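Here the structure comes first, spelled out in structure tokens, and everything after it is commentary.
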Amino acid sequence: MFLLIILTWVVSPIISKALYLSLLLLSGVLGNLLADVLIVSLVNSDGNYWSFLTTFGYSHGIVGLSTSITGLYIFTLIIFVFKTSKDLPQKKFRLSALIFVSFIGILSLILNFIWGQWFTITAYVHFFGGLVGGMLAFIFLYRQHKKLGLKTHDINPLK
């Protein structure tokens, strides 16, 4: 919940409440559905995929808010870079919070890899939640781009 609070604080000035709730719902539901499709295909393949793709955790039926939070994180990371790049000095505290959340996420990935829990259903749902969040971020940016009628070089985050 701590990550949800920080990510909400970082992204709330940039997007509307309706988009925020839609993002959480879509990344959670679609991320879990995509992971379920992968898991079912792994179970039905009888080991015809790579051996490191496991179905560990499948019988537990993991469906939770962490998939939505992963989608929100990827969405926030992309949107924050593209939408606040021009006024970054004024957003340095929010940037610090986003870097802190990123550090926690990277540390969690490293620890899961060390503990041998890299390819489990938990990793699959988080991956697909992040994938959906990233796709929604690019759709949001594209719609903003079309609405404002900007040329491609006008939204370069490195300027």
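Following the order of the structure tokens, chains are lettered A, B, ..., residues in each are numbered from 1, and ligands are numbered from 1.
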
Write out as a PyMOL selection string which residues come within 10 Å of A:Val11 when counting only C-alpha atoms, dropping same-chain ones fewer than 4 positions away. chain A and resi 6-7+15-16+20+72-73+75-77+79-80+94+98

Could the residues in this selection be saved with all heavy atoms as a short mmCIF file (atom, residue, chain, number, x, y, z; two decimals), in the first residue's frame?
```cif
data_model
loop_
_atom_site.label_atom_id
_atom_site.label_comp_id
_atom_site.auth_asym_id
_atom_site.auth_seq_id
_atom_site.Cartn_x
_atom_site.Cartn_y
_atom_site.Cartn_z
N ILE A 6 2.55 6.39 -2.80
CA ILE A 6 3.59 7.20 -3.43
C ILE A 6 3.30 7.40 -4.92
O ILE A 6 3.38 8.52 -5.44
CB ILE A 6 4.98 6.55 -3.25
CG1 ILE A 6 5.41 6.65 -1.78
CG2 ILE A 6 6.02 7.22 -4.14
CD1 ILE A 6 6.71 5.94 -1.49
N LEU A 7 2.95 6.33 -5.61
CA LEU A 7 2.68 6.44 -7.05
C LEU A 7 1.46 7.31 -7.32
O LEU A 7 1.44 8.08 -8.29
CB LEU A 7 2.49 5.05 -7.65
CG LEU A 7 3.75 4.19 -7.72
CD1 LEU A 7 3.41 2.78 -8.16
CD2 LEU A 7 4.77 4.81 -8.65
N ILE A 15 -2.75 13.23 -14.35
CA ILE A 15 -3.91 12.58 -14.98
C ILE A 15 -5.15 12.81 -14.12
O ILE A 15 -5.08 13.17 -12.95
CB ILE A 15 -3.67 11.07 -15.18
CG1 ILE A 15 -3.49 10.34 -13.86
CG2 ILE A 15 -2.48 10.83 -16.09
CD1 ILE A 15 -3.43 8.83 -13.98
N SER A 16 -6.31 12.54 -14.73
CA SER A 16 -7.59 12.71 -14.04
C SER A 16 -7.87 11.51 -13.14
O SER A 16 -7.26 10.45 -13.28
CB SER A 16 -8.71 12.88 -15.05
OG SER A 16 -8.91 11.68 -15.76
N TYR A 20 -7.10 7.51 -13.73
CA TYR A 20 -6.39 6.78 -12.69
C TYR A 20 -7.12 5.49 -12.33
O TYR A 20 -6.52 4.41 -12.28
CB TYR A 20 -6.23 7.68 -11.47
CG TYR A 20 -5.66 7.00 -10.26
CD1 TYR A 20 -4.30 6.77 -10.15
CD2 TYR A 20 -6.48 6.58 -9.21
CE1 TYR A 20 -3.76 6.14 -9.05
CE2 TYR A 20 -5.95 5.96 -8.10
CZ TYR A 20 -4.60 5.74 -8.02
OH TYR A 20 -4.07 5.11 -6.93
N LEU A 72 0.44 0.66 -12.67
CA LEU A 72 0.50 2.08 -12.29
C LEU A 72 1.93 2.57 -12.26
O LEU A 72 2.23 3.69 -12.69
CB LEU A 72 -0.17 2.29 -10.93
CG LEU A 72 -0.13 3.70 -10.35
CD1 LEU A 72 -0.93 4.66 -11.23
CD2 LEU A 72 -0.67 3.71 -8.93
N TYR A 73 2.85 1.74 -11.78
CA TYR A 73 4.26 2.14 -11.72
C TYR A 73 4.83 2.40 -13.12
O TYR A 73 5.45 3.43 -13.36
CB TYR A 73 5.09 1.08 -11.00
CG TYR A 73 6.57 1.27 -11.19
CD1 TYR A 73 7.22 2.35 -10.62
CD2 TYR A 73 7.31 0.40 -11.97
CE1 TYR A 73 8.57 2.55 -10.81
CE2 TYR A 73 8.66 0.58 -12.16
CZ TYR A 73 9.29 1.65 -11.59
OH TYR A 73 10.62 1.87 -11.78
N PHE A 75 3.18 2.99 -15.89
CA PHE A 75 2.46 4.13 -16.44
C PHE A 75 3.04 5.44 -15.89
O PHE A 75 3.33 6.37 -16.64
CB PHE A 75 0.97 4.02 -16.10
CG PHE A 75 0.13 5.14 -16.63
CD1 PHE A 75 -0.45 5.03 -17.88
CD2 PHE A 75 -0.09 6.29 -15.89
CE1 PHE A 75 -1.23 6.06 -18.39
CE2 PHE A 75 -0.86 7.31 -16.39
CZ PHE A 75 -1.44 7.20 -17.64
N THR A 76 3.23 5.50 -14.58
CA THR A 76 3.74 6.71 -13.94
C THR A 76 5.15 7.02 -14.41
O THR A 76 5.48 8.19 -14.68
CB THR A 76 3.73 6.55 -12.40
OG1 THR A 76 2.40 6.25 -11.99
CG2 THR A 76 4.21 7.79 -11.70
N LEU A 77 5.98 6.02 -14.52
CA LEU A 77 7.35 6.22 -14.98
C LEU A 77 7.39 6.84 -16.38
O LEU A 77 8.08 7.82 -16.62
CB LEU A 77 8.09 4.89 -14.95
CG LEU A 77 9.60 4.89 -15.09
CD1 LEU A 77 10.23 5.65 -13.93
CD2 LEU A 77 10.12 3.47 -15.12
N ILE A 79 4.83 8.36 -18.09
CA ILE A 79 4.14 9.65 -18.14
C ILE A 79 4.96 10.73 -17.47
O ILE A 79 5.05 11.86 -17.95
CB ILE A 79 2.74 9.53 -17.49
CG1 ILE A 79 1.86 8.62 -18.31
CG2 ILE A 79 2.09 10.89 -17.33
CD1 ILE A 79 1.59 9.07 -19.72
N PHE A 80 5.59 10.40 -16.35
CA PHE A 80 6.38 11.40 -15.62
C PHE A 80 7.54 11.89 -16.48
O PHE A 80 7.83 13.07 -16.52
CB PHE A 80 6.89 10.83 -14.30
CG PHE A 80 7.47 11.84 -13.38
CD1 PHE A 80 6.65 12.61 -12.58
CD2 PHE A 80 8.84 12.04 -13.31
CE1 PHE A 80 7.18 13.56 -11.73
CE2 PHE A 80 9.38 12.98 -12.47
CZ PHE A 80 8.54 13.75 -11.68
N ARG A 94 8.96 14.85 -6.22
CA ARG A 94 8.21 13.75 -6.83
C ARG A 94 9.15 12.81 -7.58
O ARG A 94 8.98 11.60 -7.57
CB ARG A 94 7.13 14.28 -7.77
CG ARG A 94 6.02 14.99 -7.03
CD ARG A 94 4.92 15.46 -7.97
NE ARG A 94 4.05 16.40 -7.32
CZ ARG A 94 2.98 16.09 -6.61
NH1 ARG A 94 2.66 14.83 -6.44
NH2 ARG A 94 2.24 17.01 -6.05
N LEU A 98 9.79 8.81 -7.00
CA LEU A 98 9.75 7.84 -8.09
C LEU A 98 11.06 7.04 -8.16
O LEU A 98 11.04 5.83 -8.40
CB LEU A 98 9.48 8.55 -9.41
CG LEU A 98 9.08 7.69 -10.60
CD1 LEU A 98 7.86 6.84 -10.29
CD2 LEU A 98 8.82 8.56 -11.80
#
```

Using only C-alpha atoms, I'd like a table of the residues in stretch 79-124 of chain A that come within 9 Å of stretch 33-40 of chain A; for each, show the closest atom pair and its distance in Å rounded to one decimal, ordered by chain and ascending number, as CSV.
```
residue,atom,partner,partner_atom,distance
A:Ile121,CA,A:Ala35,CA,7.3
A:Thr122,CA,A:Ala35,CA,9.0
A:Tyr124,CA,A:Ala35,CA,5.5
```

Residues just named, written with N, CA, C and O atoms as a PDB file, in the first residue's frame:
```pdb
ATOM      1  N   ILE A 121       4.116 -17.559 -11.132  1.00  0.00           N
ATOM      2  CA  ILE A 121       2.890 -16.856 -11.521  1.00  0.00           C
ATOM      3  C   ILE A 121       2.899 -15.409 -11.018  1.00  0.00           C
ATOM      4  O   ILE A 121       2.392 -14.511 -11.675  1.00  0.00           O
ATOM      5  N   THR A 122       3.527 -15.169  -9.879  1.00  0.00           N
ATOM      6  CA  THR A 122       3.625 -13.803  -9.364  1.00  0.00           C
ATOM      7  C   THR A 122       4.413 -12.924 -10.328  1.00  0.00           C
ATOM      8  O   THR A 122       4.017 -11.790 -10.614  1.00  0.00           O
ATOM      9  N   TYR A 124       4.737 -13.469 -13.519  1.00  0.00           N
ATOM     10  CA  TYR A 124       3.965 -13.338 -14.757  1.00  0.00           C
ATOM     11  C   TYR A 124       2.900 -12.249 -14.634  1.00  0.00           C
ATOM     12  O   TYR A 124       2.736 -11.433 -15.528  1.00  0.00           O
TER      13      TYR A 124
END
```

When distances are computed from only C-alpha atoms, which of A:Leu131, A:Met1, A:Ile99, A:Leu141 shows the smallest separation from A:Ile74?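 Answer, going by the shortest atom-to-atom distance: A:Leu131.
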
Mind pulling up the distance from atom CA of A:Lys86 to atom CA of A:Leu3? 25.3 Å

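Atom CA of A:Ala123 lies 26.8 Å from atom CA of A:Ser12.
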
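Restricting the calculation to only C-alpha atoms, the smallest distance between A:Gly133 and any of A:Ala18, A:Leu42, A:Leu148, A:Ile69 is found for A:Ile69.
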
Write out as number ranges by chain all residues of stretch 83-134 of chain A that DSSP puts in alpha helix (DSSP H) for this structure's backbone. A: 83, 92-114, 121-134

Store the residues picked out above in a file with N, CA, C and O atoms, as a short mmCIF file (atom, residue, chain, number, x, y, z; two decimals), in the first residue's frame.
```
data_model
loop_
_atom_site.label_atom_id
_atom_site.label_comp_id
_atom_site.auth_asym_id
_atom_site.auth_seq_id
_atom_site.Cartn_x
_atom_site.Cartn_y
_atom_site.Cartn_z
N LYS A 83 5.82 13.96 -19.56
CA LYS A 83 4.98 15.12 -19.27
C LYS A 83 5.65 16.16 -18.38
O LYS A 83 5.24 17.31 -18.38
N LYS A 92 11.27 17.96 -8.33
CA LYS A 92 12.36 17.11 -7.85
C LYS A 92 11.97 16.23 -6.66
O LYS A 92 12.50 15.13 -6.52
N PHE A 93 11.03 16.66 -5.83
CA PHE A 93 10.62 15.81 -4.72
C PHE A 93 9.81 14.61 -5.24
O PHE A 93 9.98 13.49 -4.77
N ARG A 94 8.96 14.85 -6.22
CA ARG A 94 8.21 13.75 -6.83
C ARG A 94 9.15 12.81 -7.58
O ARG A 94 8.98 11.60 -7.57
N LEU A 95 10.16 13.38 -8.23
CA LEU A 95 11.17 12.56 -8.91
C LEU A 95 11.92 11.71 -7.89
O LEU A 95 12.18 10.53 -8.14
N SER A 96 12.25 12.28 -6.75
CA SER A 96 12.93 11.52 -5.69
C SER A 96 12.07 10.35 -5.23
O SER A 96 12.58 9.24 -5.00
N ALA A 97 10.77 10.58 -5.08
CA ALA A 97 9.87 9.50 -4.67
C ALA A 97 9.80 8.42 -5.73
O ALA A 97 9.80 7.22 -5.42
N LEU A 98 9.79 8.81 -7.00
CA LEU A 98 9.75 7.84 -8.09
C LEU A 98 11.06 7.04 -8.16
O LEU A 98 11.04 5.83 -8.40
N ILE A 99 12.18 7.68 -7.91
CA ILE A 99 13.46 6.97 -7.87
C ILE A 99 13.49 5.98 -6.70
O ILE A 99 13.97 4.86 -6.83
N PHE A 100 12.94 6.38 -5.56
CA PHE A 100 12.87 5.50 -4.40
C PHE A 100 12.03 4.26 -4.70
O PHE A 100 12.43 3.12 -4.40
N VAL A 101 10.87 4.46 -5.34
CA VAL A 101 10.01 3.34 -5.71
C VAL A 101 10.72 2.43 -6.72
O VAL A 101 10.64 1.21 -6.64
N SER A 102 11.45 3.03 -7.65
CA SER A 102 12.20 2.25 -8.64
C SER A 102 13.29 1.42 -7.96
O SER A 102 13.51 0.27 -8.33
N PHE A 103 13.96 1.99 -6.98
CA PHE A 103 14.98 1.26 -6.23
C PHE A 103 14.38 0.05 -5.52
O PHE A 103 14.94 -1.05 -5.56
N ILE A 104 13.22 0.24 -4.90
CA ILE A 104 12.54 -0.87 -4.22
C ILE A 104 12.18 -1.96 -5.23
O ILE A 104 12.36 -3.16 -4.97
N GLY A 105 11.67 -1.56 -6.40
CA GLY A 105 11.30 -2.53 -7.43
C GLY A 105 12.48 -3.31 -7.95
O GLY A 105 12.42 -4.53 -8.13
N ILE A 106 13.59 -2.62 -8.21
CA ILE A 106 14.79 -3.29 -8.71
C ILE A 106 15.37 -4.22 -7.65
O ILE A 106 15.78 -5.34 -7.96
N LEU A 107 15.38 -3.78 -6.40
CA LEU A 107 15.85 -4.63 -5.31
C LEU A 107 14.99 -5.88 -5.19
O LEU A 107 15.51 -6.99 -5.00
N SER A 108 13.69 -5.72 -5.32
CA SER A 108 12.79 -6.88 -5.27
C SER A 108 13.06 -7.86 -6.40
O SER A 108 13.06 -9.08 -6.19
N LEU A 109 13.31 -7.35 -7.60
CA LEU A 109 13.65 -8.22 -8.73
C LEU A 109 14.94 -9.00 -8.48
O LEU A 109 15.02 -10.20 -8.75
N ILE A 110 15.94 -8.31 -7.97
CA ILE A 110 17.22 -8.96 -7.69
C ILE A 110 17.06 -10.06 -6.63
O ILE A 110 17.58 -11.17 -6.78
N LEU A 111 16.32 -9.75 -5.56
CA LEU A 111 16.12 -10.74 -4.51
C LEU A 111 15.33 -11.94 -5.01
O LEU A 111 15.64 -13.09 -4.65
N ASN A 112 14.32 -11.71 -5.84
CA ASN A 112 13.56 -12.84 -6.41
C ASN A 112 14.44 -13.70 -7.30
O ASN A 112 14.31 -14.92 -7.32
N PHE A 113 15.34 -13.07 -8.03
CA PHE A 113 16.25 -13.84 -8.88
C PHE A 113 17.20 -14.68 -8.03
O PHE A 113 17.45 -15.84 -8.32
N ILE A 114 17.73 -14.10 -6.95
CA ILE A 114 18.64 -14.82 -6.06
C ILE A 114 17.93 -15.99 -5.38
O ILE A 114 18.48 -17.07 -5.25
N ILE A 121 4.12 -17.56 -11.13
CA ILE A 121 2.89 -16.86 -11.52
C ILE A 121 2.90 -15.41 -11.02
O ILE A 121 2.39 -14.51 -11.68
N THR A 122 3.53 -15.17 -9.88
CA THR A 122 3.63 -13.80 -9.36
C THR A 122 4.41 -12.92 -10.33
O THR A 122 4.02 -11.79 -10.61
N ALA A 123 5.50 -13.45 -10.84
CA ALA A 123 6.29 -12.69 -11.81
C ALA A 123 5.51 -12.48 -13.10
O ALA A 123 5.59 -11.40 -13.71
N TYR A 124 4.74 -13.47 -13.52
CA TYR A 124 3.96 -13.34 -14.76
C TYR A 124 2.90 -12.25 -14.63
O TYR A 124 2.74 -11.43 -15.53
N VAL A 125 2.15 -12.24 -13.52
CA VAL A 125 1.10 -11.23 -13.38
C VAL A 125 1.70 -9.84 -13.27
O VAL A 125 1.14 -8.88 -13.80
N HIS A 126 2.82 -9.71 -12.59
CA HIS A 126 3.46 -8.39 -12.49
C HIS A 126 3.98 -7.94 -13.85
O HIS A 126 3.85 -6.77 -14.21
N PHE A 127 4.57 -8.85 -14.60
CA PHE A 127 5.06 -8.50 -15.93
C PHE A 127 3.92 -8.02 -16.82
O PHE A 127 4.02 -6.98 -17.47
N PHE A 128 2.84 -8.79 -16.86
CA PHE A 128 1.73 -8.41 -17.74
C PHE A 128 0.99 -7.18 -17.23
O PHE A 128 0.48 -6.39 -18.04
N GLY A 129 0.90 -6.97 -15.92
CA GLY A 129 0.32 -5.72 -15.40
C GLY A 129 1.15 -4.52 -15.82
O GLY A 129 0.61 -3.49 -16.23
N GLY A 130 2.48 -4.66 -15.75
CA GLY A 130 3.36 -3.59 -16.21
C GLY A 130 3.27 -3.36 -17.70
O GLY A 130 3.31 -2.23 -18.18
N LEU A 131 3.12 -4.45 -18.46
CA LEU A 131 2.97 -4.33 -19.91
C LEU A 131 1.71 -3.56 -20.27
O LEU A 131 1.73 -2.66 -21.11
N VAL A 132 0.60 -3.89 -19.61
CA VAL A 132 -0.66 -3.17 -19.86
C VAL A 132 -0.53 -1.71 -19.43
O VAL A 132 -0.97 -0.81 -20.15
N GLY A 133 0.11 -1.45 -18.29
CA GLY A 133 0.32 -0.07 -17.85
C GLY A 133 1.15 0.72 -18.84
O GLY A 133 0.87 1.89 -19.12
N GLY A 134 2.19 0.10 -19.38
CA GLY A 134 3.03 0.76 -20.38
C GLY A 134 2.27 1.05 -21.66
O GLY A 134 2.39 2.13 -22.25
#
```
